[in-house]
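Source file: target_6.cif; contents: mmCIF, C-alpha atoms.
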```cif
data_upload
#
loop_
_atom_site.label_atom_id
_atom_site.label_comp_id
_atom_site.auth_asym_id
_atom_site.auth_seq_id
_atom_site.Cartn_x
_atom_site.Cartn_y
_atom_site.Cartn_z
CA MET A 1 21.93 9.85 15.12
CA PRO A 2 20.84 6.44 13.80
CA SER A 3 20.96 3.54 16.23
CA ARG A 4 23.67 2.01 14.01
CA GLU A 5 25.60 2.63 10.81
CA LEU A 6 25.25 0.43 7.75
CA ALA A 7 27.62 0.24 4.82
CA TYR A 8 24.84 0.92 2.33
CA PRO A 9 22.00 3.48 2.01
CA LEU A 10 18.45 2.65 3.13
CA PHE A 11 15.48 3.15 0.83
CA ASP A 12 12.33 2.38 2.82
CA ALA A 13 9.49 1.07 0.64
CA ASP A 14 6.77 1.78 3.21
CA ASN A 15 6.48 5.06 5.10
CA HIS A 16 3.23 6.88 5.84
CA LEU A 17 2.05 10.43 6.26
CA TYR A 18 -0.95 11.46 8.33
CA GLU A 19 -3.38 13.70 6.46
CA THR A 20 -5.01 16.85 7.78
CA GLU A 21 -8.79 17.29 7.66
CA GLU A 22 -8.57 19.29 4.43
CA ALA A 23 -6.74 16.56 2.52
CA LEU A 24 -9.92 15.12 1.01
CA THR A 25 -11.99 18.31 0.98
CA LYS A 26 -9.88 21.31 0.01
CA TYR A 27 -9.90 20.64 -3.72
CA LEU A 28 -13.21 18.83 -4.08
CA PRO A 29 -15.34 20.19 -6.95
CA GLU A 30 -18.52 21.93 -5.83
CA LYS A 31 -20.59 19.05 -7.16
CA TYR A 32 -19.01 16.68 -4.63
CA LYS A 33 -18.61 18.97 -1.63
CA GLY A 34 -20.90 16.78 0.47
CA ALA A 35 -19.07 13.53 -0.30
CA ILE A 36 -16.62 13.90 2.58
CA LYS A 37 -17.43 15.58 5.87
CA TYR A 38 -16.01 15.57 9.38
CA VAL A 39 -18.64 15.34 12.10
CA LYS A 40 -18.73 15.17 15.89
CA VAL A 41 -20.01 11.96 17.49
CA ASP A 42 -20.07 11.87 21.29
CA GLY A 43 -17.39 14.53 21.36
CA ARG A 44 -15.07 12.76 18.93
CA THR A 45 -14.42 13.73 15.32
CA LYS A 46 -15.37 11.12 12.74
CA ILE A 47 -15.27 11.06 8.95
CA ALA A 48 -18.56 10.71 7.08
CA VAL A 49 -18.45 9.39 3.51
CA ARG A 50 -21.60 10.16 1.55
CA GLY A 51 -23.47 10.72 4.78
CA HIS A 52 -22.34 7.47 6.42
CA ILE A 53 -20.05 7.70 9.43
CA SER A 54 -17.02 5.46 8.96
CA GLU A 55 -15.15 3.68 11.75
CA TYR A 56 -12.52 2.38 9.32
CA ILE A 57 -9.98 4.73 10.91
CA PRO A 58 -11.06 5.45 14.50
CA ASN A 59 -9.33 8.85 14.65
CA PRO A 60 -9.32 10.32 11.12
CA THR A 61 -7.90 13.69 12.27
CA PHE A 62 -4.67 11.93 13.35
CA GLU A 63 -4.17 14.53 16.06
CA VAL A 64 -3.54 11.65 18.47
CA VAL A 65 -2.02 8.46 17.05
CA ALA A 66 -0.51 5.18 18.18
CA ARG A 67 3.22 5.27 18.77
CA PRO A 68 5.47 3.98 15.97
CA GLY A 69 6.12 0.30 16.49
CA ALA A 70 3.61 0.01 19.33
CA MET A 71 2.65 -3.50 18.20
CA GLU A 72 6.19 -4.79 17.74
CA GLU A 73 6.01 -7.12 20.76
CA TYR A 74 2.63 -8.42 19.58
CA PHE A 75 4.10 -9.44 16.22
CA ARG A 76 7.35 -10.70 17.71
CA VAL A 77 6.04 -12.95 20.49
CA GLY A 78 2.28 -13.01 19.97
CA ASN A 79 -0.28 -12.28 22.67
CA PRO A 80 -0.07 -15.15 25.19
CA GLU A 81 -1.71 -13.07 27.91
CA GLY A 82 -4.73 -12.28 25.75
CA LYS A 83 -4.38 -8.50 26.09
CA ASP A 84 -7.10 -6.33 24.59
CA ARG A 85 -6.33 -3.97 21.72
CA ARG A 86 -5.91 -0.94 23.96
CA ALA A 87 -3.29 -2.74 26.02
CA ILE A 88 -1.49 -3.93 22.89
CA PHE A 89 -1.32 -0.43 21.43
CA GLY A 90 -0.26 1.19 24.69
CA GLU A 91 -0.26 4.90 25.37
CA PRO A 92 -0.87 7.04 22.26
CA MET A 93 0.98 10.22 21.34
CA ARG A 94 0.15 13.53 19.73
CA SER A 95 1.10 13.82 16.08
CA ILE A 96 4.36 15.62 15.46
CA PRO A 97 5.22 17.82 12.46
CA ALA A 98 7.29 15.00 10.95
CA PHE A 99 4.10 12.99 10.46
CA ARG A 100 2.45 15.91 8.63
CA GLU A 101 5.13 17.81 6.68
CA PRO A 102 8.06 16.82 4.45
CA GLY A 103 10.68 19.17 5.93
CA PRO A 104 10.46 17.84 9.48
CA ARG A 105 10.11 14.33 8.07
CA LEU A 106 13.49 14.63 6.37
CA GLU A 107 15.04 15.59 9.70
CA LEU A 108 13.44 12.55 11.32
CA MET A 109 14.64 10.32 8.48
CA ASP A 110 18.18 11.54 9.12
CA GLU A 111 17.80 10.65 12.79
CA LEU A 112 16.54 7.19 11.84
CA GLY A 113 19.23 6.61 9.22
CA ILE A 114 16.84 6.44 6.25
CA GLN A 115 18.14 8.03 3.04
CA ARG A 116 14.99 7.71 0.92
CA THR A 117 11.44 6.46 1.22
CA LEU A 118 8.20 5.89 -0.57
CA MET A 119 5.55 7.91 1.30
CA PHE A 120 1.98 6.60 1.32
CA PRO A 121 -1.16 8.43 2.41
CA THR A 122 -3.19 6.82 5.19
CA LEU A 123 -6.78 7.97 4.58
CA ALA A 124 -6.74 7.09 0.89
CA SER A 125 -7.59 3.45 1.48
CA LEU A 126 -11.17 4.20 2.57
CA ILE A 127 -12.26 6.13 -0.53
CA GLU A 128 -12.82 3.73 -3.41
CA GLU A 129 -14.74 0.99 -1.65
CA ARG A 130 -17.25 3.44 -0.16
CA MET A 131 -17.90 5.05 -3.55
CA ARG A 132 -17.80 1.96 -5.76
CA ASP A 133 -21.23 2.65 -7.27
CA ASP A 134 -20.19 6.14 -8.46
CA PRO A 135 -17.03 6.00 -10.61
CA ASP A 136 -17.13 9.71 -11.41
CA MET A 137 -17.15 10.55 -7.70
CA ILE A 138 -14.19 8.25 -7.11
CA HIS A 139 -12.12 10.02 -9.75
CA ALA A 140 -13.08 13.46 -8.40
CA VAL A 141 -12.21 12.65 -4.78
CA ILE A 142 -8.97 10.89 -5.73
CA HIS A 143 -7.85 13.88 -7.81
CA ALA A 144 -8.68 16.22 -4.93
CA LEU A 145 -6.49 14.12 -2.63
CA ASN A 146 -3.67 14.09 -5.17
CA GLN A 147 -3.83 17.88 -5.48
CA TRP A 148 -3.47 18.17 -1.71
CA LEU A 149 -0.59 15.68 -1.68
CA LEU A 150 1.21 17.66 -4.38
CA GLU A 151 0.71 20.96 -2.57
CA THR A 152 1.66 19.67 0.88
CA TRP A 153 4.30 17.00 0.23
CA SER A 154 5.07 17.18 -3.51
CA PHE A 155 5.53 13.89 -5.32
CA ASN A 156 9.32 14.13 -5.17
CA TYR A 157 10.73 16.01 -2.21
CA GLN A 158 14.46 16.64 -2.65
CA ASP A 159 14.91 13.25 -4.35
CA ARG A 160 14.42 11.63 -0.95
CA ILE A 161 10.69 11.44 -0.23
CA PHE A 162 8.69 9.95 -3.09
CA THR A 163 5.03 10.46 -2.25
CA THR A 164 2.71 8.06 -4.06
CA PRO A 165 -0.36 9.70 -5.63
CA VAL A 166 -3.39 7.46 -6.01
CA ILE A 167 -4.60 6.26 -9.38
CA SER A 168 -8.11 4.82 -9.55
CA LEU A 169 -9.17 2.87 -12.64
CA PRO A 170 -13.00 2.82 -13.05
CA VAL A 171 -12.87 4.98 -16.20
CA VAL A 172 -9.72 4.14 -18.12
CA GLU A 173 -9.49 7.48 -19.90
CA LYS A 174 -9.70 9.36 -16.60
CA ALA A 175 -7.08 7.06 -15.07
CA ILE A 176 -4.70 7.85 -17.94
CA GLU A 177 -5.39 11.56 -17.57
CA GLU A 178 -4.62 11.37 -13.83
CA LEU A 179 -1.48 9.32 -14.48
CA ASP A 180 -0.17 11.85 -16.99
CA TRP A 181 -0.88 14.69 -14.53
CA VAL A 182 0.94 13.13 -11.59
CA VAL A 183 3.96 12.18 -13.71
CA GLU A 184 4.12 15.72 -15.13
CA ASN A 185 4.28 16.86 -11.51
CA GLY A 186 7.15 14.60 -10.55
CA ALA A 187 5.65 11.26 -9.48
CA ARG A 188 8.03 8.29 -9.68
CA ALA A 189 5.58 5.79 -8.14
CA ILE A 190 1.80 5.49 -8.04
CA LEU A 191 -0.58 3.77 -5.64
CA VAL A 192 -3.20 1.41 -7.07
CA ARG A 193 -5.73 -0.40 -4.86
CA PRO A 194 -5.32 -4.21 -5.02
CA ALA A 195 -8.96 -4.97 -5.74
CA PRO A 196 -11.45 -5.48 -8.56
CA VAL A 197 -12.11 -2.19 -10.32
CA PRO A 198 -15.63 -0.81 -9.77
CA GLY A 199 -17.51 0.41 -12.81
CA TYR A 200 -20.89 1.26 -14.31
CA ARG A 201 -21.48 -2.37 -15.29
CA GLY A 202 -20.02 -4.01 -12.21
CA SER A 203 -16.49 -4.80 -11.14
CA ARG A 204 -13.73 -6.37 -13.21
CA SER A 205 -10.03 -7.23 -13.14
CA PHE A 206 -7.51 -4.57 -14.13
CA GLY A 207 -5.54 -7.35 -15.80
CA LEU A 208 -8.08 -7.51 -18.64
CA PRO A 209 -7.33 -5.99 -22.07
CA GLU A 210 -9.73 -3.11 -21.32
CA PHE A 211 -6.95 -1.62 -19.20
CA ASP A 212 -4.11 -2.12 -21.68
CA PRO A 213 -4.00 1.58 -22.68
CA PHE A 214 -3.42 2.46 -19.03
CA TRP A 215 -0.68 -0.12 -18.49
CA GLN A 216 0.97 0.93 -21.72
CA ARG A 217 1.11 4.52 -20.44
CA VAL A 218 2.54 3.28 -17.13
CA VAL A 219 5.31 1.51 -19.02
CA ASP A 220 5.91 4.55 -21.22
CA HIS A 221 6.33 6.73 -18.12
CA GLY A 222 8.48 4.14 -16.37
CA VAL A 223 6.72 4.59 -13.03
CA LEU A 224 6.55 2.00 -10.29
CA VAL A 225 3.09 0.61 -9.44
CA ALA A 226 2.66 0.10 -5.69
CA LEU A 227 -0.08 -2.28 -4.59
CA HIS A 228 -0.45 -1.29 -0.95
CA SER A 229 -2.85 -3.01 1.45
CA SER A 230 -6.21 -1.29 1.48
CA ASP A 231 -9.91 -1.86 1.89
CA SER A 232 -10.25 -4.14 -1.12
CA GLY A 233 -13.94 -4.82 -0.60
CA TYR A 234 -13.51 -8.34 0.73
CA ASN A 235 -15.45 -7.55 3.87
CA ARG A 236 -18.57 -8.22 1.79
CA TYR A 237 -17.53 -11.87 1.68
CA VAL A 238 -16.76 -11.86 5.40
CA SER A 239 -20.24 -10.50 6.03
CA ASP A 240 -21.74 -13.38 4.06
CA TRP A 241 -20.09 -15.79 6.49
CA MET A 242 -20.52 -13.75 9.66
CA GLY A 243 -24.10 -12.67 9.07
CA VAL A 244 -23.19 -9.09 9.95
CA ASP A 245 -23.14 -6.37 7.30
CA GLN A 246 -20.50 -3.85 8.32
CA GLU A 247 -17.56 -2.01 6.81
CA MET A 248 -14.00 -3.24 7.07
CA LEU A 249 -12.62 -2.42 10.53
CA PRO A 250 -8.86 -3.12 10.41
CA PHE A 251 -8.37 -2.40 14.10
CA GLN A 252 -11.06 -4.85 15.12
CA PRO A 253 -9.77 -8.12 13.67
CA SER A 254 -11.44 -11.49 14.04
CA THR A 255 -9.99 -14.96 13.80
CA PHE A 256 -12.14 -15.76 10.78
CA LYS A 257 -11.07 -12.66 8.85
CA MET A 258 -7.43 -13.34 9.61
CA VAL A 259 -7.62 -16.79 8.00
CA PHE A 260 -7.82 -15.24 4.53
CA GLU A 261 -6.36 -11.83 5.33
CA TRP A 262 -4.11 -11.86 2.26
CA ARG A 263 -6.60 -13.10 -0.30
CA PRO A 264 -7.00 -9.63 -1.86
CA ILE A 265 -3.34 -9.35 -2.84
CA GLN A 266 -3.13 -13.00 -3.86
CA ASP A 267 -6.15 -12.56 -6.11
CA THR A 268 -4.78 -9.28 -7.48
CA VAL A 269 -1.45 -10.76 -8.54
CA ALA A 270 -3.25 -13.83 -9.90
CA ALA A 271 -5.51 -11.58 -11.98
CA LEU A 272 -2.57 -9.66 -13.41
CA VAL A 273 -0.92 -12.85 -14.62
CA CYS A 274 -3.96 -14.98 -15.50
CA HIS A 275 -5.64 -12.16 -17.42
CA GLY A 276 -2.39 -11.51 -19.26
CA ALA A 277 -1.35 -8.00 -18.24
CA LEU A 278 2.09 -9.07 -16.96
CA SER A 279 2.79 -10.88 -20.23
CA ARG A 280 1.45 -8.17 -22.51
CA PHE A 281 3.54 -5.60 -20.61
CA PRO A 282 6.70 -7.39 -19.48
CA ASP A 283 8.31 -4.09 -18.47
CA LEU A 284 5.71 -3.37 -15.78
CA LYS A 285 7.27 -2.74 -12.37
CA ILE A 286 4.99 -3.89 -9.54
CA ALA A 287 5.75 -3.52 -5.82
CA VAL A 288 3.50 -5.27 -3.30
CA ILE A 289 3.61 -3.23 -0.09
CA GLU A 290 2.36 -4.04 3.42
CA ASN A 291 0.79 -7.30 2.36
CA GLY A 292 3.37 -9.60 3.89
CA SER A 293 4.76 -12.55 1.97
CA VAL A 294 3.03 -15.69 3.27
CA TRP A 295 0.82 -15.72 0.15
CA VAL A 296 3.71 -15.76 -2.35
CA GLU A 297 4.84 -19.39 -2.34
CA PRO A 298 1.30 -20.89 -2.29
CA LEU A 299 0.27 -18.68 -5.22
CA LEU A 300 3.32 -19.60 -7.29
CA ARG A 301 2.81 -23.28 -6.49
CA GLN A 302 -0.81 -23.07 -7.62
CA LEU A 303 0.07 -21.16 -10.80
CA SER A 304 2.68 -23.80 -11.61
CA SER A 305 0.09 -26.54 -11.19
CA ILE A 306 -2.42 -24.75 -13.42
CA TYR A 307 0.20 -24.06 -16.08
CA LYS A 308 1.11 -27.74 -16.15
CA LYS A 309 -2.51 -28.64 -16.92
CA MET A 310 -3.50 -25.65 -19.10
CA PRO A 311 -0.38 -24.19 -20.78
CA HIS A 312 -2.48 -23.09 -23.76
CA GLU A 313 -4.31 -20.58 -21.51
CA PHE A 314 -1.10 -18.60 -20.92
CA THR A 315 1.26 -16.83 -23.29
CA GLU A 316 4.19 -17.70 -21.03
CA ASP A 317 5.01 -19.48 -17.79
CA PRO A 318 2.95 -17.53 -15.21
CA VAL A 319 5.50 -18.14 -12.45
CA ALA A 320 8.21 -16.60 -14.62
CA ALA A 321 5.95 -13.61 -15.31
CA VAL A 322 5.39 -12.99 -11.62
CA LYS A 323 9.07 -13.36 -10.77
CA ARG A 324 9.99 -10.92 -13.54
CA SER A 325 7.58 -8.11 -12.65
CA VAL A 326 6.50 -8.40 -9.02
CA HIS A 327 8.56 -7.21 -6.06
CA VAL A 328 7.48 -7.89 -2.49
CA SER A 329 8.01 -5.93 0.71
CA PRO A 330 7.58 -8.58 3.44
CA PHE A 331 6.69 -7.90 7.03
CA TRP A 332 9.76 -7.78 9.25
CA GLU A 333 8.54 -10.90 11.06
CA ASP A 334 8.31 -12.92 7.82
CA ASP A 335 10.98 -15.41 6.75
CA MET A 336 13.09 -13.17 4.50
CA ALA A 337 15.57 -15.84 3.47
CA GLU A 338 12.75 -18.12 2.39
CA LEU A 339 11.13 -15.35 0.34
CA ALA A 340 14.48 -14.49 -1.27
CA GLU A 341 14.85 -18.16 -2.19
CA VAL A 342 11.39 -18.20 -3.80
CA ILE A 343 11.47 -14.98 -5.86
CA GLY A 344 15.14 -13.95 -5.71
CA PRO A 345 16.76 -11.36 -3.40
CA GLU A 346 16.56 -8.74 -6.18
CA ARG A 347 12.76 -8.81 -5.82
CA VAL A 348 12.60 -8.25 -2.04
CA LEU A 349 12.08 -4.73 -0.62
CA PHE A 350 12.65 -3.37 2.87
CA GLY A 351 9.56 -1.61 4.24
CA SER A 352 9.13 -0.47 7.85
CA ASP A 353 5.53 0.86 7.80
CA TYR A 354 6.79 3.81 9.85
CA PRO A 355 5.17 5.47 11.82
CA HIS A 356 2.27 3.04 12.00
CA PRO A 357 1.98 0.88 15.13
CA GLU A 358 2.25 -2.36 13.12
CA GLY A 359 5.73 -1.43 11.89
CA LEU A 360 9.12 -0.83 13.49
CA ALA A 361 9.91 2.02 15.88
CA ASP A 362 13.51 1.92 14.65
CA PRO A 363 13.31 0.99 10.95
CA ILE A 364 16.99 0.23 10.57
CA THR A 365 16.55 -2.83 12.81
CA TYR A 366 14.80 -4.51 9.87
CA VAL A 367 18.27 -5.61 8.80
CA ASP A 368 18.46 -7.85 11.88
CA GLU A 369 15.74 -10.03 10.38
CA LEU A 370 17.73 -10.72 7.20
CA LYS A 371 19.29 -13.82 8.69
CA GLY A 372 21.12 -16.16 6.36
CA LEU A 373 21.56 -13.58 3.61
CA SER A 374 24.84 -12.19 2.30
CA GLU A 375 25.86 -8.57 2.81
CA GLU A 376 25.39 -8.04 -0.93
CA HIS A 377 21.81 -9.29 -0.75
CA LYS A 378 21.13 -7.27 2.39
CA ALA A 379 22.25 -4.14 0.55
CA LEU A 380 19.86 -4.93 -2.31
CA ILE A 381 16.91 -5.54 0.00
CA MET A 382 17.54 -2.55 2.27
CA GLY A 383 17.70 -0.07 -0.58
CA GLY A 384 19.40 -1.13 -3.79
CA ASN A 385 16.39 -2.84 -5.33
CA LEU A 386 14.02 0.08 -4.78
CA ALA A 387 16.62 2.59 -5.98
CA ARG A 388 16.77 0.63 -9.24
CA LEU A 389 12.97 0.57 -9.57
CA ILE A 390 12.58 4.29 -8.90
CA GLY A 391 15.61 5.26 -10.96
CA VAL A 392 17.75 7.12 -8.43
#
```

Here is the file; what I need is its structure written in the form of structure tokens.
Amino acid sequence: MPSRELAYPLFDADNHLYETEEALTKYLPEKYKGAIKYVKVDGRTKIAVRGHISEYIPNPTFEVVARPGAMEEYFRVGNPEGKDRRAIFGEPMRSIPAFREPGPRLELMDELGIQRTLMFPTLASLIEERMRDDPDMIHAVIHALNQWLLETWSFNYQDRIFTTPVISLPVVEKAIEELDWVVENGARAILVRPAPVPGYRGSRSFGLPEFDPFWQRVVDHGVLVALHSSDSGYNRYVSDWMGVDQEMLPFQPSTFKMVFEWRPIQDTVAALVCHGALSRFPDLKIAVIENGSVWVEPLLRQLSSIYKKMPHEFTEDPVAAVKRSVHVSPFWEDDMAELAEVIGPERVLFGSDYPHPEGLADPITYVDELKGLSEEHKALIMGGNLARLIGV
């Protein structure tokens, strides 16, 4: 039974599944069979991408994982004792079927009091950055993952679990083909990496007109675009400052990296509005997931200042464009009332990040953080807004 009863249904914008080892390999075309391998290093299984062992996810088999909500105290009160990461995470646990399969997950959702959820893969975030110089490989590996997601979870499980297939954009025609395929197979939401798009001639913004055919197809299908935190490639800039060339290691943070931790999503939303995509496609539905909300007000303030000086560079007020199209799932420790004041309560989404350690062990307790908001607005944030976006 849930820890409490609410008068409205919960639609969680941020749940995660843990992939099996075959998720990235089972459907890989023969040409790319060597792109992803699992190897033993000092007795531990690691993932190797194009022959390079990645530490991005320390345990990519997910057989043993951190407990849901293990870092809740860390985010609630900080770390005054200066505990190391192992102490902060606490004792791990073995993965349970509910982390791997949709049937058991539904049972767990009932226990937690969650009616519906968006379900995000976990391994997907390491793919694109490590293959950025080979767009064809990116598309092949992403499609292989999506085939596994469809087979194992489906994209719409009993109108309650909406798994988000990944759409990568290096080759626009292939992105459209993948989009059409996932929608034909039931997808209501898609996952797009908040980052410059790699390509044969370098990277570029997906807000540029080159990508208009893709965004038009997104609007035609009516799907929600989720911009979930990922490896957006910004570690290259960190390396320039740190003098150390290494991949992004999310579980080994540094004070310097944390200063501009949310620059990728801030830049992504800025690109969508400054390069005109939000104005050319006013019906786009964008959900920013697991990127917090501290970046929102500074970005809108800056856009307002730029618009005041250079209105001729925009087709409309950029702040209005963002507020129309972009929805934000803040961290539970963020100031929800302040965010609702900035973008409106109808643009705020409840997301627990379950079962990741950074999230909440009991997702329904998210409602306790909605201080100063009316019951009507709480109902919107805890489920009504996402139900509208998904169309359920």

How far is it from CA of His327 in chain A to CA of Ala340 in chain A, in Å with one decimal?
-> 10.5 Å

Which residues, written as a count of residues only, have at least one atom at most 9 Å from range 104-117 of chain A, with all atoms listed in the file counted and residues fewer than 3 positions away on the same chain left out?
-> 30

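The coordinates place CA of Met258 in chain A at 12.8 Å from CA of Trp295 in chain A.
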
Per residue of range 333-358 of chain A within 10 Å of range 269-288 of chain A, what are the shortest atom pair and its distance in Å to one decimal, counting only C-alpha atoms, with rows by chain and residue number, as a tab-separated table?
```
residue	atom	partner	partner_atom	distance
A:Arg347	CA	A:Ala287	CA	8.8
A:Val348	CA	A:Ala287	CA	9.1
A:Leu349	CA	A:Ala287	CA	8.3
```

Generate a file of the selected residues that holds C-alpha atoms, formatted as a PDB file, keeping the file's coordinate frame.
```pdb
ATOM      1  CA  ARG A 347      12.760  -8.810  -5.820  1.00  0.00           C
ATOM      2  CA  VAL A 348      12.600  -8.250  -2.040  1.00  0.00           C
ATOM      3  CA  LEU A 349      12.080  -4.730  -0.620  1.00  0.00           C
TER       4      LEU A 349
END
```

Please provide the set of residues having any atom within 8 Å of Ala361 in chain A, restricted to only C-alpha atoms, with same-chain residues fewer than 3 positions apart removed, written as an MDAnalysis selection string.
-> chainID A and resid 67:70 72 354:355

Decode the PyMOL selection byres ((chain A and resi 315-323) around 6) for the given file into explicit residues and return them as a ChimeraX atom specification.
-> /A:300,314,324-326,343

Produce a file of the selected residues containing C-alpha atoms, as a PDB file, in the frame of the given file.
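Output (out_37.pdb):
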```pdb
ATOM      1  CA  LEU A 300       3.320 -19.600  -7.290  1.00  0.00           C
ATOM      2  CA  PHE A 314      -1.100 -18.600 -20.920  1.00  0.00           C
ATOM      3  CA  ARG A 324       9.990 -10.920 -13.540  1.00  0.00           C
ATOM      4  CA  SER A 325       7.580  -8.110 -12.650  1.00  0.00           C
ATOM      5  CA  VAL A 326       6.500  -8.400  -9.020  1.00  0.00           C
ATOM      6  CA  ILE A 343      11.470 -14.980  -5.860  1.00  0.00           C
TER       7      ILE A 343
END
```

Apply the PyMOL selection byres ((chain A and resi 148-151) around 9) to the file shown and report the selected residues as a list of chain:residue names.
->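 This file, filtered by the PyMOL selection byres ((chain A and resi 148-151) around 9), leaves A:Glu19, A:Glu22, A:Ala23, A:Leu24, A:Thr25, A:Lys26, A:Tyr27, A:Pro121, A:His143, A:Ala144, A:Leu145, A:Asn146, A:Gln147, A:Thr152, A:Trp153, A:Ser154, A:Phe155, A:Asn156, A:Thr163, A:Thr164, A:Pro165, A:Val182, A:Asn185.
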
Please write the residues from the selection above to a file, keeping C-alpha atoms, as a JSON list (two decimals), in the frame of the given file.
```
[["chain", "number", "residue", "atom", "x", "y", "z"],
["A", 19, "GLU", "CA", -3.38, 13.70, 6.46],
["A", 22, "GLU", "CA", -8.57, 19.29, 4.43],
["A", 23, "ALA", "CA", -6.74, 16.56, 2.52],
["A", 24, "LEU", "CA", -9.92, 15.12, 1.01],
["A", 25, "THR", "CA", -11.99, 18.31, 0.98],
["A", 26, "LYS", "CA", -9.88, 21.31, 0.01],
["A", 27, "TYR", "CA", -9.90, 20.64, -3.72],
["A", 121, "PRO", "CA", -1.16, 8.43, 2.41],
["A", 143, "HIS", "CA", -7.85, 13.88, -7.81],
["A", 144, "ALA", "CA", -8.68, 16.22, -4.93],
["A", 145, "LEU", "CA", -6.49, 14.12, -2.63],
["A", 146, "ASN", "CA", -3.67, 14.09, -5.17],
["A", 147, "GLN", "CA", -3.83, 17.88, -5.48],
["A", 152, "THR", "CA", 1.66, 19.67, 0.88],
["A", 153, "TRP", "CA", 4.30, 17.00, 0.23],
["A", 154, "SER", "CA", 5.07, 17.18, -3.51],
["A", 155, "PHE", "CA", 5.53, 13.89, -5.32],
["A", 156, "ASN", "CA", 9.32, 14.13, -5.17],
["A", 163, "THR", "CA", 5.03, 10.46, -2.25],
["A", 164, "THR", "CA", 2.71, 8.06, -4.06],
["A", 165, "PRO", "CA", -0.36, 9.70, -5.63],
["A", 182, "VAL", "CA", 0.94, 13.13, -11.59],
["A", 185, "ASN", "CA", 4.28, 16.86, -11.51]]
```
